[in-house]
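For reference, the structure discussed in these notes is given below.
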There are 2 protein chains.
Amino acid sequence: MNITTKSKYAVRALVELARRNSDVPVPLIVLAEARGIPSQFLEQLFSALRRAGILQSFRGVYGGFSFNRPPDQITVLDIVEILDGPIEPAVCTSDDACDKRAICSVGDVWVQAKLSVEEVLSGVTIQELALRESSLDGASMYYI
Amino acid sequence: MNITTKSKYAVRALVELARRNSDVPVPLIVLAEARGIPSQFLEQLFSALRRAGILQSFRGVYGGFSFNRPPDQITVLDIVEILDGPIEPAVCTSDDACDKRAICSVGDVWVQAKLSVEEVLSGVTIQELALRESSLDGASMYYI
DNA sequence: TGTAATCCTGACTGAATAGGTGAGGTTTTG
DNA sequence: CAAAACCTCACCTATTCAGTCAGGATTACA
């Protein structure tokens, strides 16, 4: 299972949501248009994130999404695992996928690759990405 | 592009070839059967590895494959890149895949993940894997 | 020369996954 | 009741995966 556009889109939309730092829910369509994401596709993703406890949703007029967990406690790995499932950069990394583990050291290589990806992705939060973007576009916050 | 069974099969077969340490070519069917790999599938993979300069092939009776480069100079990353293409654990990691790099710091995360996988896979050679296996199954070499 | 062993290659295929779209339903506000 | 928003399930098309098939080319040896 690869890391697909699901995670890519979701992370971008979450960063957008974090940057707005709104105390009222933000409608999904707003996030989708701001980042060029197909809105019906994003609906599926945000629905899954809500069920997973990452987001809160509010229906009806003035409805939308807001974080259910602070964005500095949401890692990119969290998002990837919810939307794309466990990371498996290669086969043979899950417990029972390979019946030859006892006599085959090759699998260790794929496991190491998996672990290193998890380490990178679990080391970055949505909050951090939002801050990085803020410092990128303008950096005016430091000079006003 | 994920890491597929192509790389998995190829690495296993190459480790088998390295362990035989034969000075005559080893027929592909022998390697395939030793490791439970569909032989016609492995043919495609070994063909590609030969074209890439990793293997030598010899046709006809007593033909087979042998290394064209010493197995301690063949990394797992070499094999993966030949058979599965450049590693892209996520989208947005190749140069022109994302048109928003200038304003989007999110891509950096995927690039870091890609680099960490490359680092792991380029740090392991076929020779090392062959030696690890030898020390695994029996370790009798130390006691006879 | 014939035959068996072996590599070589391109076409094909069934199943799964990726990346969405469509249609309609439910909830809330005014 | 209308509009805005979320919710959900079914569907769809293109691509990729993991091979299989069929046949050809080369070599060793009897």
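The chains in the structure tokens are called A, B, ... from first to last as shown; in each chain the residues are counted from 1, and the ligands are counted from 1 in the order shown.
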
Show me, as a list in words, every residue of chain D with an atom at most 10 Å from chain B, counting only C-alpha atoms (C1' of nucleotides). DT16, DC17, DA18, DG19, DT20, DC21, DA25, DT26, DT27, DA28 and DC29 of chain D

Please find the residues of chain C near chain A - the criterion being any atom within 7 Å, counting only C-alpha atoms (C1' of nucleotides) - and write them as an mmCIF file with N, CA, C and O atoms (P, O5', C5', C4', C3', O3' and C1' of nucleotides), in the first residue's frame.
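Saved as selection_15.cif:
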data_model
loop_
_atom_site.group_PDB
_atom_site.id
_atom_site.type_symbol
_atom_site.label_atom_id
_atom_site.label_comp_id
_atom_site.auth_asym_id
_atom_site.auth_seq_id
_atom_site.Cartn_x
_atom_site.Cartn_y
_atom_site.Cartn_z
ATOM 1 P P DG C 20 -7.874 12.897 -8.502
ATOM 2 O "O5'" DG C 20 -9.012 12.793 -7.408
ATOM 3 C "C5'" DG C 20 -10.328 13.229 -7.676
ATOM 4 C "C4'" DG C 20 -11.089 12.303 -8.611
ATOM 5 C "C3'" DG C 20 -12.536 12.686 -8.794
ATOM 6 O "O3'" DG C 20 -12.678 13.526 -9.920
ATOM 7 C "C1'" DG C 20 -12.246 10.302 -8.622
ATOM 8 P P DT C 27 -31.035 13.258 10.624
ATOM 9 O "O5'" DT C 27 -30.356 14.697 10.759
ATOM 10 C "C5'" DT C 27 -28.953 14.790 10.937
ATOM 11 C "C4'" DT C 27 -28.521 16.229 10.864
ATOM 12 C "C3'" DT C 27 -29.258 17.167 11.825
ATOM 13 O "O3'" DT C 27 -28.273 17.837 12.584
ATOM 14 C "C1'" DT C 27 -29.178 18.086 9.647
ATOM 15 P P DT C 28 -28.710 18.648 13.916
ATOM 16 O "O5'" DT C 28 -28.743 20.136 13.387
ATOM 17 C "C5'" DT C 28 -27.511 20.773 13.053
ATOM 18 C "C4'" DT C 28 -27.789 22.048 12.295
ATOM 19 C "C3'" DT C 28 -28.601 23.088 13.072
ATOM 20 O "O3'" DT C 28 -27.743 24.168 13.367
ATOM 21 C "C1'" DT C 28 -29.263 22.932 10.797
ATOM 22 P P DT C 29 -28.226 25.357 14.341
ATOM 23 O "O5'" DT C 29 -28.573 26.521 13.324
ATOM 24 C "C5'" DT C 29 -27.573 26.948 12.397
ATOM 25 C "C4'" DT C 29 -28.177 27.904 11.386
ATOM 26 C "C3'" DT C 29 -28.969 29.051 12.002
ATOM 27 O "O3'" DT C 29 -28.422 30.263 11.517
ATOM 28 C "C1'" DT C 29 -30.211 27.983 10.267
#

Option closest in space to chain B, from A:Ile3, A:Leu17, A:Leu55, A:Ile74 [counting only C-alpha atoms]: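 Under the stated criterion, the closest residue is A:Ile3.
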
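Those residues that approach Val15 (chain A) to within 10 Å, counting only C-alpha atoms (C1' of nucleotides), are Tyr9, Ala10, Arg20, Asn21, Leu31, Arg35, Pro71, Thr125, Ile126, Gln127, Glu128, Leu129, Ala130, Leu131 and Glu133 of chain A; Cys104, Ser105 and Val106 of chain B; same-chain residues fewer than 5 positions away are not listed.
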
Now that the selection is made, can you save its residues with N, CA and C atoms as an mmCIF file, in the first residue's frame?
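Listing of part_12.cif after writing:
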data_model
loop_
_atom_site.group_PDB
_atom_site.id
_atom_site.type_symbol
_atom_site.label_atom_id
_atom_site.label_comp_id
_atom_site.auth_asym_id
_atom_site.auth_seq_id
_atom_site.Cartn_x
_atom_site.Cartn_y
_atom_site.Cartn_z
ATOM 1 N N TYR A 9 -3.715 15.184 -0.351
ATOM 2 C CA TYR A 9 -4.813 16.144 -0.300
ATOM 3 C C TYR A 9 -5.205 16.469 1.132
ATOM 4 N N ALA A 10 -5.344 15.435 1.941
ATOM 5 C CA ALA A 10 -5.820 15.640 3.308
ATOM 6 C C ALA A 10 -4.841 16.501 4.098
ATOM 7 N N ARG A 20 -5.936 28.892 9.147
ATOM 8 C CA ARG A 20 -7.052 29.814 9.348
ATOM 9 C C ARG A 20 -7.317 30.032 10.836
ATOM 10 N N ASN A 21 -6.954 28.997 11.611
ATOM 11 C CA ASN A 21 -7.016 29.148 13.054
ATOM 12 C C ASN A 21 -8.350 29.748 13.481
ATOM 13 N N LEU A 31 -11.970 25.031 1.971
ATOM 14 C CA LEU A 31 -10.644 24.420 2.016
ATOM 15 C C LEU A 31 -10.289 23.800 0.665
ATOM 16 N N ARG A 35 -7.140 25.019 -2.032
ATOM 17 C CA ARG A 35 -5.986 24.174 -2.327
ATOM 18 C C ARG A 35 -6.112 23.371 -3.623
ATOM 19 N N PRO A 71 -3.780 20.753 16.404
ATOM 20 C CA PRO A 71 -2.965 20.411 15.230
ATOM 21 C C PRO A 71 -1.505 20.136 15.547
ATOM 22 N N THR A 125 4.254 17.552 12.479
ATOM 23 C CA THR A 125 2.846 17.762 12.786
ATOM 24 C C THR A 125 2.220 18.748 11.803
ATOM 25 N N ILE A 126 0.898 18.759 11.787
ATOM 26 C CA ILE A 126 0.152 19.700 10.955
ATOM 27 C C ILE A 126 0.493 21.135 11.356
ATOM 28 N N GLN A 127 0.604 21.347 12.652
ATOM 29 C CA GLN A 127 0.944 22.683 13.154
ATOM 30 C C GLN A 127 2.284 23.161 12.579
ATOM 31 N N GLU A 128 3.266 22.280 12.609
ATOM 32 C CA GLU A 128 4.580 22.651 12.083
ATOM 33 C C GLU A 128 4.508 23.023 10.613
ATOM 34 N N LEU A 129 3.767 22.256 9.856
ATOM 35 C CA LEU A 129 3.650 22.543 8.423
ATOM 36 C C LEU A 129 2.970 23.885 8.201
ATOM 37 N N ALA A 130 1.957 24.160 9.006
ATOM 38 C CA ALA A 130 1.263 25.446 8.876
ATOM 39 C C ALA A 130 2.223 26.596 9.184
ATOM 40 N N LEU A 131 3.026 26.432 10.219
ATOM 41 C CA LEU A 131 3.978 27.487 10.568
ATOM 42 C C LEU A 131 5.032 27.670 9.482
ATOM 43 N N GLU A 133 4.692 27.168 6.363
ATOM 44 C CA GLU A 133 4.089 27.887 5.238
ATOM 45 C C GLU A 133 3.970 29.368 5.538
ATOM 46 N N CYS B 104 4.242 25.765 -1.028
ATOM 47 C CA CYS B 104 3.701 24.610 -0.293
ATOM 48 C C CYS B 104 4.839 23.854 0.350
ATOM 49 N N SER B 105 4.911 23.943 1.665
ATOM 50 C CA SER B 105 6.002 23.280 2.362
ATOM 51 C C SER B 105 5.687 21.817 2.620
ATOM 52 N N VAL B 106 4.463 21.417 2.302
ATOM 53 C CA VAL B 106 4.052 20.053 2.607
ATOM 54 C C VAL B 106 4.907 19.042 1.865
#

Mind listing the helix (DSSP H, G or I) residues of chain B, per DSSP on the backbone, as an MDAnalysis selection string? chainID B and resid 5:20 28:35 39:51 71:73 76:84 101:103 106:122 126:136 140:142
